[in-house]
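Novice: The following block contains the structure, expressed as structure tokens.
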Amino acid sequence: QVHLVESGGGLVQPGGSLRISCAVSGLNFRLNTMHWYHQAPEKERALVASITSGHNTTYADSVRGRFTISRDNVRRTVALQMNNLKPEDTGVYLCSTSSRGVNFWGKGTLVTVSS
């Protein structure tokens, strides 16, 4: 069974930093492109960042230059370093991947940016 478990969310002040992580099991992690999504309150889920098996990265315009996605194929984890956080970054962050046409999601970790 495929499992994705996010961790590291919390409350941070505007301008602060937070690092969230996702632990993956049940698939050949090193071959999979991994994604982080942001589910803001009352908004649609939006793709934030992706990293391929070759460590190529892409970012949404809203986070480019502030967020960094990385992966550790030995630990089977994908992380999102979030700097200069803004109130609009508040929401649930979910990691995701797909295998054989099936999309897999974690339950998410809540990030709240507020003073």
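Residue numbering restarts at 1 in every chain; chains get A, B, ... in the order shown in the structure tokens, and ligands count up from 1 in that same order.
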Would you mind writing down, as an mmCIF file with all heavy atoms, in the first residue's frame, each residue of range 12-48 of chain A that DSSP on the backbone assigns to strand (DSSP E or B)?
Specialist:
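The resulting file, part-v8.cif, is shown below:
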```cif
data_model
loop_
_atom_site.group_PDB
_atom_site.id
_atom_site.type_symbol
_atom_site.label_atom_id
_atom_site.label_comp_id
_atom_site.auth_asym_id
_atom_site.auth_seq_id
_atom_site.Cartn_x
_atom_site.Cartn_y
_atom_site.Cartn_z
ATOM 1 N N VAL A 12 3.424 30.281 12.207
ATOM 2 C CA VAL A 12 4.627 31.080 11.987
ATOM 3 C C VAL A 12 4.210 32.511 11.675
ATOM 4 O O VAL A 12 3.147 32.745 11.091
ATOM 5 C CB VAL A 12 5.484 30.465 10.854
ATOM 6 C CG1 VAL A 12 4.726 30.448 9.546
ATOM 7 C CG2 VAL A 12 6.809 31.167 10.712
ATOM 8 N N LEU A 18 9.539 27.952 7.560
ATOM 9 C CA LEU A 18 9.065 26.653 8.034
ATOM 10 C C LEU A 18 9.506 25.611 7.019
ATOM 11 O O LEU A 18 9.544 25.881 5.808
ATOM 12 C CB LEU A 18 7.549 26.673 8.159
ATOM 13 C CG LEU A 18 6.870 25.673 9.094
ATOM 14 C CD1 LEU A 18 7.328 25.896 10.529
ATOM 15 C CD2 LEU A 18 5.354 25.819 9.008
ATOM 16 N N ARG A 19 9.815 24.432 7.530
ATOM 17 C CA ARG A 19 10.177 23.320 6.653
ATOM 18 C C ARG A 19 9.208 22.177 6.913
ATOM 19 O O ARG A 19 9.086 21.694 8.036
ATOM 20 C CB ARG A 19 11.607 22.861 6.920
ATOM 21 C CG ARG A 19 12.099 21.730 6.009
ATOM 22 C CD ARG A 19 13.536 21.370 6.351
ATOM 23 N NE ARG A 19 14.067 20.275 5.567
ATOM 24 C CZ ARG A 19 14.663 20.439 4.393
ATOM 25 N NH1 ARG A 19 14.796 21.659 3.889
ATOM 26 N NH2 ARG A 19 15.135 19.392 3.734
ATOM 27 N N ILE A 20 8.522 21.762 5.862
ATOM 28 C CA ILE A 20 7.612 20.630 5.971
ATOM 29 C C ILE A 20 8.174 19.461 5.182
ATOM 30 O O ILE A 20 8.982 19.645 4.265
ATOM 31 C CB ILE A 20 6.185 20.991 5.515
ATOM 32 C CG1 ILE A 20 6.171 21.478 4.078
ATOM 33 C CG2 ILE A 20 5.578 22.029 6.449
ATOM 34 C CD1 ILE A 20 4.751 21.776 3.545
ATOM 35 N N SER A 21 7.749 18.265 5.567
ATOM 36 C CA SER A 21 8.319 17.066 4.972
ATOM 37 C C SER A 21 7.229 16.043 4.711
ATOM 38 O O SER A 21 6.162 16.071 5.344
ATOM 39 C CB SER A 21 9.373 16.475 5.915
ATOM 40 O OG SER A 21 10.011 15.369 5.337
ATOM 41 N N CYS A 22 7.506 15.151 3.782
ATOM 42 C CA CYS A 22 6.563 14.086 3.454
ATOM 43 C C CYS A 22 7.341 12.777 3.351
ATOM 44 O O CYS A 22 8.297 12.685 2.570
ATOM 45 C CB CYS A 22 5.873 14.410 2.134
ATOM 46 S SG CYS A 22 4.792 13.108 1.506
ATOM 47 N N ALA A 23 6.930 11.794 4.135
ATOM 48 C CA ALA A 23 7.544 10.470 4.097
ATOM 49 C C ALA A 23 6.704 9.552 3.227
ATOM 50 O O ALA A 23 5.475 9.516 3.358
ATOM 51 C CB ALA A 23 7.656 9.895 5.498
ATOM 52 N N VAL A 24 7.359 8.829 2.328
ATOM 53 C CA VAL A 24 6.658 8.022 1.325
ATOM 54 C C VAL A 24 7.043 6.553 1.456
ATOM 55 O O VAL A 24 8.216 6.228 1.632
ATOM 56 C CB VAL A 24 7.002 8.523 -0.094
ATOM 57 C CG1 VAL A 24 6.242 7.715 -1.145
ATOM 58 C CG2 VAL A 24 6.700 10.008 -0.225
ATOM 59 N N SER A 25 6.048 5.695 1.368
ATOM 60 C CA SER A 25 6.306 4.261 1.368
ATOM 61 C C SER A 25 5.360 3.576 0.389
ATOM 62 O O SER A 25 4.337 4.136 0.006
ATOM 63 C CB SER A 25 6.111 3.676 2.775
ATOM 64 O OG SER A 25 4.793 3.856 3.222
ATOM 65 N N MET A 34 7.521 14.036 -7.490
ATOM 66 C CA MET A 34 6.780 14.366 -6.278
ATOM 67 C C MET A 34 6.291 15.808 -6.351
ATOM 68 O O MET A 34 6.971 16.678 -6.918
ATOM 69 C CB MET A 34 7.661 14.182 -5.044
ATOM 70 C CG MET A 34 8.179 12.766 -4.832
ATOM 71 S SD MET A 34 6.862 11.566 -4.606
ATOM 72 C CE MET A 34 5.983 12.250 -3.181
ATOM 73 N N HIS A 35 5.132 16.046 -5.759
ATOM 74 C CA HIS A 35 4.518 17.366 -5.815
ATOM 75 C C HIS A 35 4.091 17.829 -4.423
ATOM 76 O O HIS A 35 3.726 16.998 -3.575
ATOM 77 C CB HIS A 35 3.254 17.338 -6.694
ATOM 78 C CG HIS A 35 3.429 16.686 -8.013
ATOM 79 N ND1 HIS A 35 4.010 17.317 -9.098
ATOM 80 C CD2 HIS A 35 3.087 15.443 -8.443
ATOM 81 C CE1 HIS A 35 4.016 16.496 -10.123
ATOM 82 N NE2 HIS A 35 3.460 15.351 -9.760
ATOM 83 N N TRP A 36 4.121 19.140 -4.226
ATOM 84 C CA TRP A 36 3.481 19.760 -3.067
ATOM 85 C C TRP A 36 2.333 20.634 -3.575
ATOM 86 O O TRP A 36 2.514 21.420 -4.518
ATOM 87 C CB TRP A 36 4.458 20.620 -2.277
ATOM 88 C CG TRP A 36 5.359 19.873 -1.360
ATOM 89 C CD1 TRP A 36 6.675 19.575 -1.569
ATOM 90 C CD2 TRP A 36 5.012 19.341 -0.079
ATOM 91 N NE1 TRP A 36 7.174 18.878 -0.490
ATOM 92 C CE2 TRP A 36 6.166 18.723 0.447
ATOM 93 C CE3 TRP A 36 3.846 19.315 0.691
ATOM 94 C CZ2 TRP A 36 6.192 18.099 1.698
ATOM 95 C CZ3 TRP A 36 3.873 18.697 1.920
ATOM 96 C CH2 TRP A 36 5.041 18.101 2.418
ATOM 97 N N TYR A 37 1.181 20.474 -2.935
ATOM 98 C CA TYR A 37 0.009 21.278 -3.234
ATOM 99 C C TYR A 37 -0.369 22.113 -2.004
ATOM 100 O O TYR A 37 -0.083 21.730 -0.857
ATOM 101 C CB TYR A 37 -1.181 20.389 -3.609
ATOM 102 C CG TYR A 37 -1.146 19.840 -5.000
ATOM 103 C CD1 TYR A 37 -0.349 18.750 -5.323
ATOM 104 C CD2 TYR A 37 -1.929 20.406 -6.010
ATOM 105 C CE1 TYR A 37 -0.322 18.235 -6.615
ATOM 106 C CE2 TYR A 37 -1.919 19.901 -7.297
ATOM 107 C CZ TYR A 37 -1.109 18.819 -7.592
ATOM 108 O OH TYR A 37 -1.095 18.319 -8.868
ATOM 109 N N HIS A 38 -1.063 23.215 -2.281
ATOM 110 C CA HIS A 38 -1.529 24.116 -1.229
ATOM 111 C C HIS A 38 -3.044 24.214 -1.318
ATOM 112 O O HIS A 38 -3.580 24.555 -2.384
ATOM 113 C CB HIS A 38 -0.897 25.501 -1.414
ATOM 114 C CG HIS A 38 -1.395 26.543 -0.473
ATOM 115 N ND1 HIS A 38 -1.559 27.857 -0.848
ATOM 116 C CD2 HIS A 38 -1.758 26.471 0.837
ATOM 117 C CE1 HIS A 38 -2.000 28.549 0.189
ATOM 118 N NE2 HIS A 38 -2.123 27.733 1.220
ATOM 119 N N GLN A 39 -3.711 23.905 -0.193
ATOM 120 C CA GLN A 39 -5.159 24.026 -0.113
ATOM 121 C C GLN A 39 -5.467 25.174 0.828
ATOM 122 O O GLN A 39 -5.457 25.018 2.063
ATOM 123 C CB GLN A 39 -5.768 22.723 0.422
ATOM 124 C CG GLN A 39 -7.279 22.773 0.552
ATOM 125 C CD GLN A 39 -7.977 22.580 -0.753
ATOM 126 O OE1 GLN A 39 -7.863 21.547 -1.393
ATOM 127 N NE2 GLN A 39 -8.720 23.596 -1.176
ATOM 128 N N ALA A 46 -4.006 24.001 -5.171
ATOM 129 C CA ALA A 46 -3.108 24.535 -6.195
ATOM 130 C C ALA A 46 -1.732 23.900 -6.079
ATOM 131 O O ALA A 46 -1.214 23.721 -4.970
ATOM 132 C CB ALA A 46 -2.987 26.050 -6.045
ATOM 133 N N LEU A 47 -1.151 23.598 -7.233
ATOM 134 C CA LEU A 47 0.190 23.032 -7.271
ATOM 135 C C LEU A 47 1.208 24.107 -6.896
ATOM 136 O O LEU A 47 1.208 25.198 -7.469
ATOM 137 C CB LEU A 47 0.485 22.471 -8.655
ATOM 138 C CG LEU A 47 1.858 21.852 -8.872
ATOM 139 C CD1 LEU A 47 2.073 20.652 -7.958
ATOM 140 C CD2 LEU A 47 2.021 21.449 -10.335
ATOM 141 N N VAL A 48 2.067 23.787 -5.958
ATOM 142 C CA VAL A 48 3.066 24.734 -5.468
ATOM 143 C C VAL A 48 4.441 24.444 -6.047
ATOM 144 O O VAL A 48 5.124 25.347 -6.522
ATOM 145 C CB VAL A 48 3.134 24.682 -3.924
ATOM 146 C CG1 VAL A 48 4.317 25.487 -3.398
ATOM 147 C CG2 VAL A 48 1.838 25.192 -3.321
#
```
Novice: Tyr59 in chain A: which residues within 9 Å, counting only C-alpha atoms, same-chain residues fewer than 2 positions away excluded, as a list in words?
Specialist: Leu47, Val48, Ala49, Ser50, Thr57, Asp61, Ser62, Val63, Arg64, Gly65, Phe67, Thr68 and Ile69 of chain A
Novice: So how far away is CA of Asn32 in chain A from CA of Ser98 in chain A, in Å?
Specialist: 7.3 Å
Novice: For Val5 in chain A, please output as number ranges by chain all residues within 12 Å (counting only C-alpha atoms; exclusion window: fewer than 2 positions along the same chain).
Specialist: A: 2-3, 7-9, 20-26, 76-79, 93-96, 104-109
Novice: Compile the contact shell of Ser114 in chain A as a list in words: residues with an atom at most 12 Å away, counting only C-alpha atoms, same-chain residues fewer than 5 positions apart removed.
Specialist: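 Within the cut-off, the hits are Gly10, Leu11, Val12, Gln13, Pro14, Gly15, Gly16, Leu85, Lys86, Pro87, Glu88, Asp89, Thr90 and Gly91 of chain A.
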Novice: Grab the CA of Arg75 in chain A to CA of Phe29 in chain A distance for me, in Å with one decimal place.
Specialist: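 Value for the CA of Arg75 in chain A-CA of Phe29 in chain A distance: 9.6 Å.
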Novice: Which of these, A:Ser17, A:Ser115, A:Ser53, A:Thr97, has the shortest distance to Asn73 in chain A once you count only C-alpha atoms?
Specialist: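 Smallest separation from Asn73 in chain A among the options: A:Ser53.
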Novice: Pick out the closest residue to Glu42 in chain A from this set: A:Leu27, A:Val92, A:Ser70, A:Arg100. Count only C-alpha atoms.
Specialist: A:Val92
